[in-house]
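Novice: Just so it is clear, I am handing over input-v8.txt, which has compact mmCIF, C-alpha atoms.
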# COMPACT_ATOMS: atom_id res chain seq x y z
CA MET A 1 -101.54 -252.22 -76.92
CA ARG A 2 -99.48 -253.30 -79.89
CA SER A 3 -101.95 -256.11 -80.66
CA ALA A 4 -104.85 -253.64 -80.37
CA GLU A 5 -103.09 -251.33 -82.85
CA SER A 6 -102.49 -254.26 -85.17
CA LEU A 7 -106.13 -255.24 -84.93
CA ALA A 8 -107.25 -251.66 -85.66
CA GLY A 9 -104.86 -251.54 -88.62
CA ALA A 10 -106.16 -254.81 -89.96
CA LEU A 11 -109.77 -253.64 -89.57
CA LEU A 12 -108.98 -250.38 -91.41
CA ALA A 13 -107.27 -252.31 -94.19
CA LEU A 14 -110.28 -254.61 -94.47
CA ALA A 15 -112.66 -251.65 -94.58
CA LEU A 16 -110.60 -249.97 -97.32
CA CYS A 17 -110.50 -253.22 -99.28
CA ALA A 18 -114.25 -253.52 -99.06
CA ALA A 19 -115.05 -249.94 -100.07
CA GLY A 20 -112.07 -248.93 -102.19
CA PRO A 21 -112.00 -251.38 -105.08
CA SER A 22 -115.74 -251.16 -105.70
CA HIS A 23 -115.70 -247.48 -106.67
CA ALA A 24 -112.23 -247.72 -108.18
CA GLY A 25 -113.54 -250.53 -110.40
CA ALA A 26 -116.18 -248.39 -112.09
CA GLU A 27 -113.85 -245.42 -112.39
CA ALA A 28 -111.07 -247.59 -113.79
CA VAL A 29 -113.48 -248.90 -116.44
CA ARG A 30 -114.46 -245.32 -117.32
CA GLN A 31 -110.86 -244.13 -117.55
CA GLU A 32 -109.92 -247.14 -119.65
CA ALA A 33 -112.77 -246.40 -122.06
CA ILE A 34 -111.70 -242.75 -122.33
CA ALA A 35 -108.07 -243.76 -122.96
CA ARG A 36 -109.13 -246.16 -125.70
CA LEU A 37 -111.41 -243.60 -127.36
CA LYS A 38 -108.72 -240.91 -127.24
CA LEU A 39 -106.38 -243.18 -129.18
CA GLN A 40 -109.10 -244.16 -131.59
CA MET A 41 -110.48 -240.67 -132.22
CA PRO A 42 -107.55 -238.27 -131.72
CA GLN A 43 -109.37 -235.62 -133.77
CA VAL A 44 -112.34 -235.47 -131.39
CA PRO A 45 -111.84 -233.66 -128.07
CA VAL A 46 -112.93 -235.76 -125.08
CA ALA A 47 -115.01 -232.80 -123.88
CA SER A 48 -117.23 -233.04 -126.96
CA TYR A 49 -118.14 -236.73 -126.64
CA GLY A 50 -121.41 -235.67 -125.03
CA LEU A 51 -122.45 -233.68 -128.10
CA GLY A 52 -123.60 -236.77 -129.95
CA ALA A 53 -123.35 -236.79 -133.75
CA ALA A 54 -122.59 -233.06 -133.77
CA ALA A 55 -119.15 -233.87 -132.29
CA PHE A 56 -118.26 -235.56 -135.57
CA ASP A 57 -120.18 -233.69 -138.20
CA LEU A 58 -122.19 -230.57 -137.57
CA ALA A 59 -124.44 -231.47 -140.49
CA GLN A 60 -125.53 -234.55 -138.53
CA GLY A 61 -126.32 -232.49 -135.50
CA GLU A 62 -129.42 -230.75 -134.42
CA VAL A 63 -132.39 -230.04 -136.62
CA ALA A 64 -134.68 -227.17 -135.78
CA ASP A 65 -138.31 -228.22 -135.64
CA GLY A 66 -141.30 -227.71 -133.39
CA ALA A 67 -141.64 -231.34 -132.36
CA ALA A 68 -139.46 -231.06 -129.27
CA THR A 69 -141.43 -228.07 -127.94
CA ALA A 70 -144.75 -229.89 -128.38
CA ILE A 71 -143.43 -233.06 -126.72
CA VAL A 72 -142.00 -231.19 -123.73
CA GLU A 73 -145.30 -229.32 -123.36
CA GLU A 74 -147.20 -232.62 -123.34
CA GLY A 75 -144.73 -233.92 -120.75
CA ARG A 76 -145.34 -230.84 -118.58
CA ARG A 77 -149.09 -231.47 -118.78
CA LEU A 78 -148.62 -235.08 -117.66
CA TRP A 79 -146.25 -233.98 -114.91
CA GLN A 80 -148.73 -231.48 -113.50
CA LYS A 81 -151.85 -233.61 -113.99
CA LYS A 82 -153.51 -234.34 -110.66
CA PHE A 83 -153.88 -237.95 -109.58
CA ARG A 84 -157.19 -239.07 -108.10
CA ASN A 85 -155.68 -238.44 -104.66
CA GLY A 86 -154.82 -234.85 -105.60
CA LYS A 87 -151.06 -235.41 -105.88
CA SER A 88 -149.04 -235.34 -109.10
CA LEU A 89 -145.84 -236.84 -110.50
CA GLY A 90 -143.89 -233.88 -109.17
CA SER A 91 -144.87 -234.84 -105.60
CA CYS A 92 -142.65 -237.95 -105.76
CA PHE A 93 -139.43 -236.14 -106.73
CA PRO A 94 -137.24 -233.68 -104.88
CA ASN A 95 -137.75 -230.14 -106.09
CA GLY A 96 -140.65 -231.37 -108.22
CA GLY A 97 -138.19 -233.11 -110.53
CA ARG A 98 -136.06 -230.07 -111.36
CA ARG A 99 -132.25 -230.55 -111.54
CA ILE A 100 -132.30 -234.25 -110.66
CA ALA A 101 -131.82 -236.08 -113.98
CA GLY A 102 -128.04 -235.92 -113.81
CA THR A 103 -128.01 -238.12 -110.73
CA PHE A 104 -129.99 -240.97 -112.32
CA PRO A 105 -129.89 -243.95 -112.49
CA GLN A 106 -129.29 -244.55 -108.80
CA PHE A 107 -128.70 -247.75 -106.90
CA ASP A 108 -131.38 -247.94 -104.21
CA ALA A 109 -129.99 -249.97 -101.29
CA ARG A 110 -133.45 -250.40 -99.78
CA LEU A 111 -134.99 -251.78 -102.96
CA LYS A 112 -131.70 -253.52 -103.82
CA LYS A 113 -132.01 -252.41 -107.44
CA VAL A 114 -131.06 -249.72 -109.91
CA VAL A 115 -133.74 -247.05 -110.18
CA THR A 116 -133.88 -245.22 -113.50
CA LEU A 117 -136.03 -242.16 -114.18
CA GLU A 118 -138.43 -244.50 -115.97
CA THR A 119 -138.77 -246.81 -112.99
CA ALA A 120 -139.02 -243.86 -110.59
CA ILE A 121 -141.94 -242.43 -112.59
CA ASN A 122 -143.76 -245.76 -112.59
CA GLN A 123 -143.04 -246.30 -108.89
CA CYS A 124 -144.63 -242.90 -108.26
CA LEU A 125 -147.70 -243.78 -110.30
CA LEU A 126 -148.14 -247.15 -108.58
CA LEU A 127 -147.57 -245.63 -105.15
CA ASN A 128 -150.42 -243.24 -105.88
CA LYS A 129 -152.63 -246.02 -107.24
CA GLU A 130 -152.41 -244.79 -110.80
CA PRO A 131 -151.75 -247.08 -113.82
CA PRO A 132 -148.06 -247.11 -114.81
CA PHE A 133 -146.89 -245.80 -118.18
CA ASP A 134 -145.80 -248.27 -120.83
CA PRO A 135 -142.02 -247.67 -121.01
CA ALA A 136 -142.20 -247.96 -124.81
CA ASP A 137 -145.03 -245.42 -125.18
CA ALA A 138 -143.71 -242.15 -126.57
CA ARG A 139 -146.92 -240.24 -125.77
CA THR A 140 -146.77 -240.92 -122.02
CA MET A 141 -143.40 -242.18 -120.74
CA GLY A 142 -141.52 -240.52 -123.63
CA ALA A 143 -143.19 -237.16 -123.09
CA ALA A 144 -142.87 -237.29 -119.28
CA LEU A 145 -139.14 -238.05 -119.59
CA ALA A 146 -138.73 -235.31 -122.22
CA TRP A 147 -140.10 -232.76 -119.74
CA LEU A 148 -138.21 -234.20 -116.76
CA ARG A 149 -134.84 -234.33 -118.53
CA ALA A 150 -135.41 -230.82 -119.94
CA GLN A 151 -135.58 -229.54 -116.33
CA SER A 152 -131.96 -230.68 -115.93
CA ASP A 153 -130.58 -229.34 -119.21
CA GLY A 154 -126.96 -228.36 -118.67
CA MET A 155 -126.69 -230.23 -115.35
CA LYS A 156 -123.53 -232.30 -115.26
CA ILE A 157 -124.14 -236.02 -114.99
CA ALA A 158 -122.97 -237.30 -111.60
CA VAL A 159 -123.99 -240.92 -111.21
CA ARG A 160 -122.58 -242.69 -108.16
CA VAL A 161 -121.37 -246.26 -107.90
CA ALA A 162 -120.62 -246.08 -104.22
CA SER A 163 -121.09 -249.54 -102.74
CA PRO A 164 -120.22 -253.13 -103.58
CA ALA A 165 -123.88 -253.77 -104.42
CA ALA A 166 -123.93 -250.81 -106.82
CA GLU A 167 -120.63 -251.97 -108.28
CA GLN A 168 -122.21 -255.37 -108.92
CA ARG A 169 -125.00 -253.73 -110.99
CA PHE A 170 -122.46 -251.58 -112.84
CA GLU A 171 -120.50 -254.75 -113.61
CA SER A 172 -123.68 -256.45 -114.84
CA GLY A 173 -124.27 -253.48 -117.17
CA ARG A 174 -120.67 -253.67 -118.37
CA GLU A 175 -120.99 -257.39 -119.12
CA LEU A 176 -124.21 -256.83 -121.08
CA PHE A 177 -122.54 -253.99 -122.98
CA PHE A 178 -119.74 -256.34 -124.05
CA MET A 179 -121.99 -259.37 -124.67
CA ARG A 180 -122.30 -260.44 -128.28
CA THR A 181 -125.90 -261.16 -129.21
CA GLY A 182 -128.35 -261.59 -132.04
CA GLN A 183 -127.99 -262.80 -135.58
CA GLN A 184 -125.34 -260.15 -136.27
CA ASN A 185 -123.26 -261.43 -133.36
CA LEU A 186 -122.51 -257.89 -132.23
CA ALA A 187 -122.12 -256.33 -128.80
CA CYS A 188 -122.89 -252.71 -127.93
CA ALA A 189 -119.11 -252.40 -127.51
CA SER A 190 -118.49 -253.63 -131.07
CA CYS A 191 -119.76 -250.29 -132.31
CA HIS A 192 -119.66 -247.78 -129.45
CA LEU A 193 -116.18 -248.66 -128.26
CA LYS A 194 -114.31 -250.58 -130.99
CA SER A 195 -115.73 -248.61 -133.91
CA ALA A 196 -116.59 -245.30 -132.23
CA GLY A 197 -116.06 -242.33 -134.51
CA ARG A 198 -116.22 -244.43 -137.65
CA VAL A 199 -119.09 -244.11 -140.10
CA TYR A 200 -121.81 -246.77 -140.19
CA GLY A 201 -124.15 -246.21 -143.13
CA ASP A 202 -124.20 -242.42 -143.20
CA SER A 203 -123.80 -241.72 -139.50
CA ALA A 204 -120.88 -241.45 -137.13
CA ILE A 205 -120.92 -244.10 -134.41
CA LEU A 206 -121.10 -242.33 -131.06
CA PRO A 207 -118.63 -243.24 -128.32
CA ALA A 208 -119.88 -245.05 -125.21
CA VAL A 209 -118.51 -242.21 -123.09
CA GLY A 210 -121.00 -239.34 -123.31
CA LEU A 211 -123.67 -241.53 -124.87
CA ALA A 212 -126.06 -241.09 -121.94
CA ALA A 213 -125.92 -237.28 -122.03
CA GLN A 214 -128.27 -236.76 -124.96
CA TRP A 215 -131.64 -238.31 -124.47
CA PRO A 216 -134.46 -238.31 -125.23
CA ALA A 217 -133.53 -237.53 -128.82
CA ILE A 218 -136.37 -236.42 -131.04
CA ARG A 219 -136.41 -238.68 -134.08
CA GLY A 220 -139.19 -238.63 -136.63
CA GLY A 221 -141.10 -236.28 -134.32
CA GLN A 222 -141.03 -238.76 -131.42
CA PRO A 223 -138.98 -238.82 -128.21
CA VAL A 224 -136.57 -241.76 -128.17
CA THR A 225 -135.46 -242.63 -124.64
CA ILE A 226 -132.16 -244.30 -123.80
CA THR A 227 -134.02 -247.59 -123.21
CA GLY A 228 -135.74 -247.18 -126.57
CA ARG A 229 -132.41 -246.54 -128.24
CA ILE A 230 -130.81 -249.63 -126.69
CA ARG A 231 -133.85 -251.65 -127.76
CA ASP A 232 -133.52 -250.32 -131.36
CA CYS A 233 -129.85 -251.33 -131.39
CA LEU A 234 -130.70 -254.84 -130.16
CA VAL A 235 -133.30 -255.21 -132.90
CA ARG A 236 -130.73 -254.08 -135.48
CA MET A 237 -128.33 -256.68 -134.10
CA GLY A 238 -130.98 -259.25 -134.91
CA ALA A 239 -131.68 -259.95 -131.25
CA ALA A 240 -135.40 -260.44 -131.73
CA PRO A 241 -137.23 -261.06 -129.53
CA VAL A 242 -135.14 -258.70 -127.42
CA ASN A 243 -133.53 -260.85 -124.77
CA PHE A 244 -132.93 -258.09 -122.17
CA SER A 245 -135.07 -257.91 -119.03
CA ALA A 246 -136.17 -254.56 -117.56
CA GLU A 247 -133.39 -255.00 -115.00
CA ASP A 248 -130.84 -255.61 -117.77
CA PHE A 249 -131.85 -252.35 -119.47
CA ALA A 250 -131.48 -250.53 -116.15
CA HIS A 251 -128.00 -251.99 -115.61
CA VAL A 252 -126.82 -251.01 -119.09
CA GLU A 253 -128.20 -247.49 -118.55
CA PHE A 254 -126.44 -247.35 -115.15
CA PHE A 255 -123.17 -248.36 -116.83
CA LEU A 256 -123.55 -245.85 -119.68
CA ALA A 257 -124.63 -243.03 -117.37
CA TYR A 258 -121.59 -243.56 -115.15
CA LEU A 259 -119.38 -243.48 -118.25
CA SER A 260 -121.02 -240.13 -119.10
CA ASN A 261 -120.23 -238.53 -115.74
CA GLY A 262 -119.20 -234.89 -116.11
CA TYR A 263 -121.04 -234.34 -119.40
CA PRO A 264 -124.01 -231.96 -119.33
CA VAL A 265 -127.52 -233.32 -119.81
CA ARG A 266 -128.82 -232.35 -123.27
CA ALA A 267 -132.45 -233.34 -123.61
CA ASN A 268 -134.70 -233.31 -126.63
CA VAL A 269 -132.17 -232.63 -129.35
CA SER A 270 -134.00 -233.05 -132.64
CA ARG A 271 -132.55 -235.36 -135.24
CA GLY A 272 -133.56 -235.45 -138.86
CA ASP A 273 -134.00 -239.23 -139.09
CA MET B 274 -119.03 -270.35 -198.02
CA SER B 275 -116.63 -267.48 -198.40
CA PRO B 276 -113.76 -267.17 -195.90
CA LEU B 277 -115.31 -263.96 -194.55
CA LEU B 278 -118.69 -265.61 -193.99
CA ARG B 279 -116.99 -268.59 -192.37
CA SER B 280 -115.13 -266.35 -189.93
CA PHE B 281 -118.35 -264.54 -189.09
CA ALA B 282 -120.17 -267.80 -188.42
CA ARG B 283 -117.34 -269.04 -186.19
CA ALA B 284 -117.38 -265.84 -184.23
CA ALA B 285 -121.15 -266.06 -183.87
CA PHE B 286 -120.83 -269.61 -182.61
CA VAL B 287 -118.21 -268.69 -180.06
CA LEU B 288 -120.28 -265.78 -178.90
CA ALA B 289 -123.36 -267.97 -178.64
CA ALA B 290 -121.42 -270.57 -176.69
CA CYS B 291 -119.98 -268.02 -174.34
CA SER B 292 -122.92 -265.80 -173.90
CA PRO B 293 -125.06 -267.92 -171.54
CA PRO B 294 -122.24 -268.31 -168.95
CA LEU B 295 -121.23 -264.66 -169.35
CA ALA B 296 -124.82 -263.57 -168.91
CA ALA B 297 -125.19 -265.82 -165.88
CA HIS B 298 -121.99 -264.45 -164.40
CA ALA B 299 -123.09 -260.87 -165.02
CA GLN B 300 -126.40 -261.71 -163.40
CA GLY B 301 -124.57 -263.23 -160.43
CA ILE B 302 -122.55 -260.05 -159.99
CA GLU B 303 -125.70 -257.97 -160.14
CA GLN B 304 -127.45 -260.18 -157.59
CA GLY B 305 -124.36 -260.06 -155.39
CA ARG B 306 -124.38 -256.27 -155.48
CA GLU B 307 -128.03 -256.25 -154.44
CA ILE B 308 -127.32 -258.55 -151.49
CA PHE B 309 -124.31 -256.36 -150.65
CA VAL B 310 -126.43 -253.22 -150.28
CA ARG B 311 -129.75 -254.55 -149.00
CA LYS B 312 -130.30 -253.77 -145.32
CA ASP B 313 -132.26 -256.98 -144.80
CA LYS B 314 -129.55 -259.07 -146.47
CA GLY B 315 -125.79 -258.50 -146.33
CA ASN B 316 -125.98 -254.76 -145.64
CA CYS B 317 -122.23 -254.80 -146.35
CA SER B 318 -122.28 -251.21 -147.63
CA ALA B 319 -123.20 -250.03 -144.11
CA CYS B 320 -119.59 -250.85 -143.15
CA HIS B 321 -117.61 -250.95 -146.42
CA GLN B 322 -117.15 -248.46 -149.23
CA VAL B 323 -116.62 -249.67 -152.79
CA PRO B 324 -114.79 -246.76 -154.42
CA SER B 325 -114.86 -248.26 -157.93
CA ASP B 326 -118.61 -248.92 -157.96
CA PRO B 327 -120.76 -245.81 -158.33
CA GLU B 328 -123.85 -247.97 -157.75
CA VAL B 329 -122.77 -248.49 -154.13
CA ALA B 330 -122.96 -245.09 -152.49
CA SER B 331 -121.42 -245.42 -149.05
CA ARG B 332 -119.46 -243.20 -146.68
CA ALA B 333 -118.88 -246.12 -144.33
CA THR B 334 -115.56 -246.56 -142.57
CA VAL B 335 -116.29 -249.37 -140.08
CA GLY B 336 -114.60 -251.93 -142.32
CA PRO B 337 -111.90 -251.36 -144.93
CA ALA B 338 -112.81 -249.96 -148.34
CA LEU B 339 -113.05 -252.83 -150.81
CA ALA B 340 -110.84 -252.73 -153.89
CA GLY B 341 -108.95 -255.36 -155.82
CA LEU B 342 -110.26 -258.16 -153.63
CA ARG B 343 -109.78 -260.70 -156.39
CA ASP B 344 -106.03 -259.98 -156.34
CA ARG B 345 -105.81 -260.18 -152.56
CA MET B 346 -108.12 -263.15 -152.08
CA PRO B 347 -108.32 -265.05 -155.37
CA ASP B 348 -109.37 -268.27 -153.66
CA ARG B 349 -113.18 -268.42 -153.56
CA ALA B 350 -113.05 -271.04 -150.80
CA ALA B 351 -111.09 -268.72 -148.50
CA LEU B 352 -113.50 -265.86 -149.18
CA ARG B 353 -116.46 -268.19 -148.65
CA GLU B 354 -115.05 -269.30 -145.30
CA MET B 355 -114.51 -265.69 -144.26
CA LEU B 356 -118.07 -264.73 -145.12
CA PHE B 357 -119.46 -267.87 -143.48
CA ASP B 358 -117.77 -267.19 -140.15
CA PRO B 359 -115.20 -264.38 -139.92
CA MET B 360 -114.60 -265.16 -136.24
CA ARG B 361 -112.60 -268.23 -137.26
CA ARG B 362 -109.92 -265.91 -138.61
CA ASN B 363 -110.41 -263.11 -136.16
CA PRO B 364 -112.31 -263.88 -132.94
CA GLU B 365 -112.23 -260.20 -131.96
CA GLY B 366 -113.62 -258.98 -135.28
CA ILE B 367 -117.05 -257.46 -135.69
CA MET B 368 -118.08 -258.73 -139.13
CA PRO B 369 -121.27 -260.81 -138.77
CA PRO B 370 -121.12 -264.58 -139.38
CA PHE B 371 -123.27 -264.48 -142.52
CA GLY B 372 -123.31 -268.25 -143.00
CA ARG B 373 -123.06 -269.58 -139.46
CA HIS B 374 -125.92 -267.38 -138.26
CA GLU B 375 -127.93 -267.94 -141.45
CA ILE B 376 -128.05 -264.28 -142.37
CA LEU B 377 -127.36 -265.35 -145.95
CA GLN B 378 -127.99 -268.65 -147.67
CA ALA B 379 -125.08 -270.51 -149.27
CA SER B 380 -126.21 -269.45 -152.76
CA GLU B 381 -126.37 -265.80 -151.65
CA ILE B 382 -122.83 -266.00 -150.29
CA GLU B 383 -121.74 -267.29 -153.72
CA ARG B 384 -123.35 -264.27 -155.40
CA VAL B 385 -121.63 -261.90 -152.99
CA ILE B 386 -118.30 -263.58 -153.86
CA ASP B 387 -119.13 -263.05 -157.56
CA TYR B 388 -119.61 -259.37 -156.82
CA LEU B 389 -116.53 -259.04 -154.59
CA HIS B 390 -114.36 -260.66 -157.24
CA ALA B 391 -115.71 -258.29 -159.87
CA ILE B 392 -114.69 -255.21 -157.87
CA ARG B 393 -111.63 -253.48 -159.31
Will you turn the file into structure tokens for me?
Specialist:
Amino acid sequence: MRSAESLAGALLALALCAAGPSHAGAEAVRQEAIARLKLQMPQVPVASYGLGAAAFDLAQGEVADGAATAIVEEGRRLWQKKFRNGKSLGSCFPNGGRRIAGTFPQFDARLKKVVTLETAINQCLLLNKEPPFDPADARTMGAALAWLRAQSDGMKIAVRVASPAAEQRFESGRELFFMRTGQQNLACASCHLKSAGRVYGDSAILPAVGLAAQWPAIRGGQPVTITGRIRDCLVRMGAAPVNFSAEDFAHVEFFLAYLSNGYPVRANVSRGD
Amino acid sequence: MSPLLRSFARAAFVLAACSPPLAAHAQGIEQGREIFVRKDKGNCSACHQVPSDPEVASRATVGPALAGLRDRMPDRAALREMLFDPMRRNPEGIMPPFGRHEILQASEIERVIDYLHAIR
């Protein structure tokens, strides 16, 4: 009996080891980032990290214009447009896509990959024998995401890293975030962690925590998705041609979204630049 | 030649002798400032303020504000090495390796040093 108890205890310990550290790893990384940012930006409340530039300077915040309304309307049209088989984008998502954005990206154990809203939209199109959207096209993918994210405005981000496989993708995103690249020899972390809150050019550098709450942002009248923003940063770092694969972008987004857990989704905030 | 005229001629000679190098140096400083602010070149003003130079309008706080650099780093070679590859001094730093990654040519780094040493 004693040996059976010992065996059960050992099995339980093994199970805890397998499940425990994986989730604790992502959460430890998030807490460490918050602790660092608190020290670095004592004047900025942690709760306002998700406000973007407005957390640092209200003048850099939102700009009232009609662009966001027009983009969301175009996104709604795309969302409701019937496929040749009579279905629509909404048919692929629970609740037609309402109140789901805060749970993306998700690690799909069946597909063994991170599924972002972008990839979910294109999976839906392909599944219904429709041509996929170009992820860089503001008029299709940008507009569809603008509408979709707007349906989750205010929803708290709750991305899960709940298995060793998911943890592995989170870790891949973390490594890419800290990887120096390009002619400027910078990493995402060089700015969004080490220099968060400081001013680059004329703008405050946003902290990594909360960074995934506000997108798309409307810049120059166009929706800029989180992938688009990461791509812009890479180009500025002099990493051209951009050396990230689609999977790399998904992993970085997964990492950033987990770091933004608890912050409300704020879609389609207009920026002046 | 009167003593006054002689003095004037001497002064004119000295000025003539000095003026090409002075002009070249002033030109170097001007070129250095341009490289300092240009986004496709040094883009240094994106990270550094230069409080004494009204031509460089910057609110940047990523790097330290630059003042009196000539007093702190009078050695051009040390400044050149720092601009070429700042990671040699500070592997954790975020200043780009302007020389090592060929962001700036050697002659452009020299002009930036001219400008940095002219900052008060």
Novice: Which of these, A:Ala158, A:Lys112, A:Gln183, A:Tyr258, has the shortest distance to Ile376 of chain B once you count all atoms listed in the file?
Specialist: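 Between A:Ala158, A:Lys112, A:Gln183, A:Tyr258, the residue approaching Ile376 of chain B most closely is A:Gln183.
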Novice: I'd like the interatomic distance between atom CA of Cys320 of chain B and atom CA of Ala33 of chain A, to a tenth of an Å.
Specialist: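 Rounded to one decimal, the two atoms are 22.6 Å apart.
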Novice: Could you write out as a PyMOL selection string the residues of chain A within 10 Å of chain B, counting only C-alpha atoms?
Specialist: chain A and resi 180+182-187+189-191+194-205+236-238
Novice: Rounded to one decimal place, report the atom CA of Asp137 of chain A-atom CA of Gly90 of chain A distance in Å.
Specialist: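 Rounded to one decimal, the two atoms are 19.8 Å apart.
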Novice: Report, in Å with one decimal, the straight-line distance from atom CA of Leu206 of chain A to atom CA of Arg229 of chain A.
Specialist: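 Those two atoms sit 12.4 Å apart.
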Novice: Can you tell me which residues surround Arg353 of chain B at a distance of at most 12 Å, considering all atoms listed in the file, apart from same-chain residues fewer than 3 positions away, and format the answer as a ChimeraX atom specification?
Specialist: /B:346-350,356-359,370-373,377-387,389-390
Novice: Set the distance at 8 Å and use all atoms listed in the file: which residues neighbour Tyr263 of chain A once local chain neighbours fewer than 3 positions away are removed? I'd like the list as a short mmCIF file (atom, residue, chain, number, x, y, z; two decimals) with C-alpha atoms, in the frame of the given file.
Specialist:
data_model
loop_
_atom_site.label_atom_id
_atom_site.label_comp_id
_atom_site.auth_asym_id
_atom_site.auth_seq_id
_atom_site.Cartn_x
_atom_site.Cartn_y
_atom_site.Cartn_z
CA ALA A 47 -115.01 -232.80 -123.88
CA GLY A 50 -121.41 -235.67 -125.03
CA LYS A 156 -123.53 -232.30 -115.26
CA ILE A 157 -124.14 -236.02 -114.99
CA GLY A 210 -121.00 -239.34 -123.31
CA ALA A 213 -125.92 -237.28 -122.03
CA SER A 260 -121.02 -240.13 -119.10
#
Novice: Excluding Leu145 of chain A and any residue of its chain fewer than 6 positions from it, enumerate the residues within 10 Å of it, using only C-alpha atoms, and give them as a PyMOL selection string.
Specialist: chain A and resi 71-72+75-76+79+101+117-118+121+138+151+215-216+223-225+267-268
Novice: I'd like the neighbourhood of Arg393 of chain B as number ranges by chain, where a residue qualifies if any of its atoms comes within 9 Å (using all atoms listed in the file), though same-chain residues fewer than 5 positions away should be ignored.
Specialist: B: 324-326, 339-343
Novice: Here is a test: counting all atoms listed in the file, which residue of A:Val235, A:Leu176, A:Ile218, A:Ile226 is nearest to Gly66 of chain A?
Specialist: A:Ile218
